Amino acid sequence: MDDLPPSPAQVPQRLLTDPAFVRALRERDFTTVFAMAHDAGISFNRIAEACTLKAERVSQIARGTTAVTALTTVERIAGGLRIPGALLGLAAQPWEDTAVLSTESDHGEDPMKRRNLLRGALAAGLTAPALAALTAARTDVDQTLSPDTPQDLADLEAAAESYGYGYHGQAPTRVLADLVTDFTTLHPLLTVPQPAPVRARLCRTAGQMAGMTAIVLHDLGSRRESRAWFATAARAAAESGDQQLHAWVLAREAMVPLNYGAPRAAADLADHARQAAGTRPTAAAVLAAAVAARAYALNHQAEQALAALTAADALMDRLPESERSDTWLTYSELKHHVHLSHALTTLGDTRRARESQQRALELSAPTSTVARTLLTIDGAACAHHDGDTEQACRRTVAALTALPVDFRTGLVRRRALDLHEAIPTQHHRERAVQELRDVLAL
């Protein structure tokens with residue numbers, strides 16, 4: 001076939017004739033491809049070595065937590081597993097015996113010879129050479145047609161949707177690395193002319209991914225970088241024409257100054273988000289109202305905060321079920337109670353704040369590390385407001401020390417600092433307060 005030695009992860013011929021494997025190749029479903037290769041005795045480490053991918057990346061693809069979207073990665077997988085290019089919609093690979101795959105090179109435009117070649121290839125059934133010949137016939141014509149939707153776009157849209165489900169117990173830095181890697185694959189698609197609907201989809205996906213990257217950076221405490229990514233997300237959302245996405249970006253951006261000591265700036269951004277979202281009950285509209293309520297509360301504008309809370313509750317009651325899932329891009333009951341907890345805690349309405357905290361904890365998964373810790377700190381702040389500063393400090397210390405080191409930064413640390421700074425100086429010599437100070441390394 002070729003002069004190259006076999007790949008350490010070359011898939012057996014029986015897989016190349018397995019309908020499920022061939023279907024997965026056609027759909028570029030590499031989660032199934034890697035799983036079936038693994039079941040055939042090829043370790044993920046060997047796949048990583050042969051495809052020049054990081055072992056961690058291979059493991060993520062196999063688990064379905066990240067998608068393969070870049071054409072260069074598809075080509076590396078084809079070469080590493082020795083998969084004929086036609087089965088993946090690629091050109092023939094250098095190591096292939098292309099004589100049995102081509103429908104044109106040896107036969108020109110002679111329809112009879114092409115028909116005989118296809119009949120011969122298909123006589124043994126839908127084998128790898130037969131499928132490759134069919135694919136070659138299709139791509140010969142397909143490549144002459146006007147460009148339509150790039151193959152990578154659907155993968156990128158699916159990747160953006162999967163990232164929306166948050167950390168799922170993974171370290172924020174790990175999620176950030178995967179997000180940015182997939183975000184960069186949008187660049188070549190955005191630099192070539194596309195039909196207007198495709199361009200809009202690309203910009204929408206870019207806006208979502210940039211916005212989620214900004215969220216992770218915000219959670220890690222990198223405010224400047226977070227704002228820069230939100231600016232990119234806003235530009236992409238505006239170009240996409242998706243007004244609700246633009247409102248979502250503005251509302252999420254408002255949470256940067258909100259959580260880092262600039263409530264007036266947060267309120268301005270949240271107001272812009274509310275204007276962009278309009279009056280319809282959408283995820284962006286509820287989020288914008290809830291963030292505005294928190295900003296007004298922190299800015300000691302109780303009347304405006306209560307009005308925004310009332311608006312947020314009214315919108316939440318009418319929010320369609322399709323927008324209530326628990327993702328970064330939608331707005332769940334859990335998320336609503338997390339926002340209510342902080343707003344009501346800040347307003348000093350500790351009874352209602354505790355009700356929201358309890359409901360949010362009931363709704364949250366054990367892997368929702370950041371959200372559960374913030375709710376615990378809100379509960380501690382309620383205890384301080386009600387006069388039990390010692391309990392407030394001990395609960396916060398326990399919550400922080402239970403966290404992995406990667407999670408003790410950014411937003412979580414800022415919220416704990418807010419509690420410490422709210423404690424009058426005459427209490428700073430008390431043991432519990434000193435323990436909190438030590439954990440925060442003030």
# chains A, B, ... in the order shown; residues from 1 in each chain; ligands from 1

$ residues_around --residues "Gly80 of chain A" --least-positions-apart "4" --cutoff "8 Å" --atoms "only C-alpha atoms" --output "compact mmCIF listing (two decimals) with C-alpha atoms, in the first residue's frame"
# COMPACT_ATOMS: atom_id res chain seq x y z
CA SER A 7 0.75 3.28 12.71
CA PRO A 8 0.85 2.26 16.41
CA ALA A 9 -2.88 2.97 16.41
CA GLN A 10 -3.88 1.60 12.99
CA ILE A 47 -4.15 7.05 19.74
CA ALA A 50 -0.19 8.28 16.57
CA CYS A 51 -2.39 11.34 16.02
CA THR A 52 0.07 13.78 17.68
CA ARG A 76 -4.11 13.99 11.99

$ closest_atom_pairs --of "segment 315-365 of chain A" --to "segment 256-280 of chain A" --cutoff "9 Å" --atoms "only C-alpha atoms" --output "tab-separated table"
residue	atom	partner	partner_atom	distance
A:Leu315	CA	A:Arg280	CA	7.8
A:Arg318	CA	A:Arg280	CA	8.9
A:Leu319	CA	A:Arg280	CA	8.7

$ atom_distance --atom1 "atom CA of Ala35 of chain A" --atom2 "atom CA of Glu157 of chain A"
22.5 Å

$ residues_around --residues "Val338 of chain A" --least-positions-apart "6" --cutoff "10 Å" --atoms "only C-alpha atoms" --output "list of chain:residue names"
A:Ala290, A:Ser332, A:Ala353, A:Ser356, A:Gln357, A:Gln358, A:Arg359, A:Ala360, A:Leu361, A:Ser364, A:Ala371, A:Arg372, A:Leu374, A:Leu375, A:Asp378

$ write_last_selection --atoms "N, CA, C and O atoms" --output "mmCIF file, in the first residue's frame"
data_model
loop_
_atom_site.group_PDB
_atom_site.id
_atom_site.type_symbol
_atom_site.label_atom_id
_atom_site.label_comp_id
_atom_site.auth_asym_id
_atom_site.auth_seq_id
_atom_site.Cartn_x
_atom_site.Cartn_y
_atom_site.Cartn_z
ATOM 1 N N ALA A 290 -32.147 40.711 37.121
ATOM 2 C CA ALA A 290 -31.590 40.191 38.373
ATOM 3 C C ALA A 290 -30.244 40.836 38.682
ATOM 4 O O ALA A 290 -29.958 41.193 39.837
ATOM 5 N N SER A 332 -31.932 29.296 34.619
ATOM 6 C CA SER A 332 -32.661 28.284 35.380
ATOM 7 C C SER A 332 -33.193 28.856 36.685
ATOM 8 O O SER A 332 -32.806 29.942 37.130
ATOM 9 N N ALA A 353 -33.573 35.849 51.853
ATOM 10 C CA ALA A 353 -32.277 35.426 51.325
ATOM 11 C C ALA A 353 -32.018 33.962 51.665
ATOM 12 O O ALA A 353 -31.587 33.177 50.805
ATOM 13 N N SER A 356 -33.998 31.605 49.471
ATOM 14 C CA SER A 356 -33.384 31.427 48.144
ATOM 15 C C SER A 356 -32.135 30.567 48.230
ATOM 16 O O SER A 356 -31.869 29.736 47.351
ATOM 17 N N GLN A 357 -31.332 30.765 49.283
ATOM 18 C CA GLN A 357 -30.129 29.949 49.453
ATOM 19 C C GLN A 357 -30.484 28.473 49.594
ATOM 20 O O GLN A 357 -29.862 27.605 48.959
ATOM 21 N N GLN A 358 -31.483 28.184 50.406
ATOM 22 C CA GLN A 358 -31.891 26.799 50.615
ATOM 23 C C GLN A 358 -32.398 26.176 49.326
ATOM 24 O O GLN A 358 -32.039 25.040 48.976
ATOM 25 N N ARG A 359 -33.214 26.927 48.581
ATOM 26 C CA ARG A 359 -33.756 26.394 47.330
ATOM 27 C C ARG A 359 -32.639 26.185 46.310
ATOM 28 O O ARG A 359 -32.616 25.158 45.611
ATOM 29 N N ALA A 360 -31.712 27.107 46.239
ATOM 30 C CA ALA A 360 -30.609 26.972 45.286
ATOM 31 C C ALA A 360 -29.736 25.772 45.624
ATOM 32 O O ALA A 360 -29.300 25.037 44.725
ATOM 33 N N LEU A 361 -29.465 25.552 46.883
ATOM 34 C CA LEU A 361 -28.660 24.399 47.280
ATOM 35 C C LEU A 361 -29.371 23.087 46.966
ATOM 36 O O LEU A 361 -28.741 22.098 46.579
ATOM 37 N N SER A 364 -28.913 22.631 43.117
ATOM 38 C CA SER A 364 -27.563 22.561 42.552
ATOM 39 C C SER A 364 -26.967 21.166 42.683
ATOM 40 O O SER A 364 -27.241 20.449 43.648
ATOM 41 N N ALA A 371 -20.837 27.850 42.659
ATOM 42 C CA ALA A 371 -22.165 28.333 43.052
ATOM 43 C C ALA A 371 -22.480 27.959 44.499
ATOM 44 O O ALA A 371 -22.981 28.789 45.272
ATOM 45 N N ARG A 372 -22.196 26.726 44.882
ATOM 46 C CA ARG A 372 -22.514 26.286 46.249
ATOM 47 C C ARG A 372 -21.671 27.040 47.282
ATOM 48 O O ARG A 372 -22.150 27.367 48.377
ATOM 49 N N LEU A 374 -20.469 30.135 46.930
ATOM 50 C CA LEU A 374 -21.004 31.502 47.009
ATOM 51 C C LEU A 374 -22.281 31.552 47.838
ATOM 52 O O LEU A 374 -22.499 32.491 48.616
ATOM 53 N N LEU A 375 -23.125 30.543 47.691
ATOM 54 C CA LEU A 375 -24.347 30.489 48.489
ATOM 55 C C LEU A 375 -24.034 30.335 49.976
ATOM 56 O O LEU A 375 -24.684 30.945 50.833
ATOM 57 N N ASP A 378 -22.940 33.669 51.201
ATOM 58 C CA ASP A 378 -24.123 34.523 51.380
ATOM 59 C C ASP A 378 -24.819 34.191 52.696
ATOM 60 O O ASP A 378 -25.249 35.086 53.446
#

$ residues_around --residues "segment 178-186 of chain A" --least-positions-apart "6" --cutoff "9 Å" --atoms "only C-alpha atoms" --output "VMD selection string"
chain A and resid 57 66 to 71 152 to 153 156 159 to 160 163 202 to 203 205 to 206 209 to 210 212 to 213

$ atom_distance --atom1 "atom CA of Ser43 of chain A" --atom2 "atom CA of Leu15 of chain A"
15.3 Å

$ residues_around --residues "Gln434 of chain A" --least-positions-apart "5" --cutoff "12 Å" --atoms "only C-alpha atoms" --output "PyMOL selection string"
chain A and resi 389-390+393-394+397+420+423+425-429+439-442

$ residues_around --residues "segment 168-176 of chain A" --least-positions-apart "3" --cutoff "8 Å" --atoms "only C-alpha atoms" --output "JSON, numbers by chain"
{"A": [165, 179, 180, 213, 216, 217, 219, 220, 367, 368, 369, 406, 407]}

$ residues_around --residues "Arg63 of chain A" --least-positions-apart "5" --cutoff "12 Å" --atoms "only C-alpha atoms" --output "MDAnalysis selection string"
chainID A and resid 29:35 38 44 56:58

$ write_last_selection --atoms "C-alpha atoms" --output "PDB file, in the first residue's frame"
ATOM      1  CA  ASP A  29     -18.290  11.512  15.579  1.00  0.00           C
ATOM      2  CA  PHE A  30     -14.853  10.968  17.101  1.00  0.00           C
ATOM      3  CA  THR A  31     -16.272  10.058  20.500  1.00  0.00           C
ATOM      4  CA  THR A  32     -17.629   6.881  18.901  1.00  0.00           C
ATOM      5  CA  VAL A  33     -14.535   6.447  16.705  1.00  0.00           C
ATOM      6  CA  PHE A  34     -12.161   6.557  19.680  1.00  0.00           C
ATOM      7  CA  ALA A  35     -14.422   4.373  21.824  1.00  0.00           C
ATOM      8  CA  HIS A  38     -10.324   1.484  22.253  1.00  0.00           C
ATOM      9  CA  PHE A  44      -5.952   6.163  24.248  1.00  0.00           C
ATOM     10  CA  GLU A  56      -5.788  14.550  27.842  1.00  0.00           C
ATOM     11  CA  ARG A  57      -7.385  15.838  24.636  1.00  0.00           C
ATOM     12  CA  VAL A  58      -7.964  12.288  23.379  1.00  0.00           C
TER      13      VAL A  58
END

$ select_by_dssp --residues "segment 225-302 of chain A" --states "alpha helix (DSSP H)" --output "count of residues only"
65

$ atom_distance --atom1 "atom CA of Ser222 of chain A" --atom2 "atom CA of Arg408 of chain A"
13.4 Å

$ closest_residue --among "A:Ala231, A:Ile42, A:Ala200, A:Ala289" --to "Ala214 of chain A" --atoms "only C-alpha atoms"
A:Ala231

$ closest_residue --among "A:Ala177, A:Ile77, A:Leu245, A:Val405" --to "Arg28 of chain A" --atoms "only C-alpha atoms"
A:Ile77
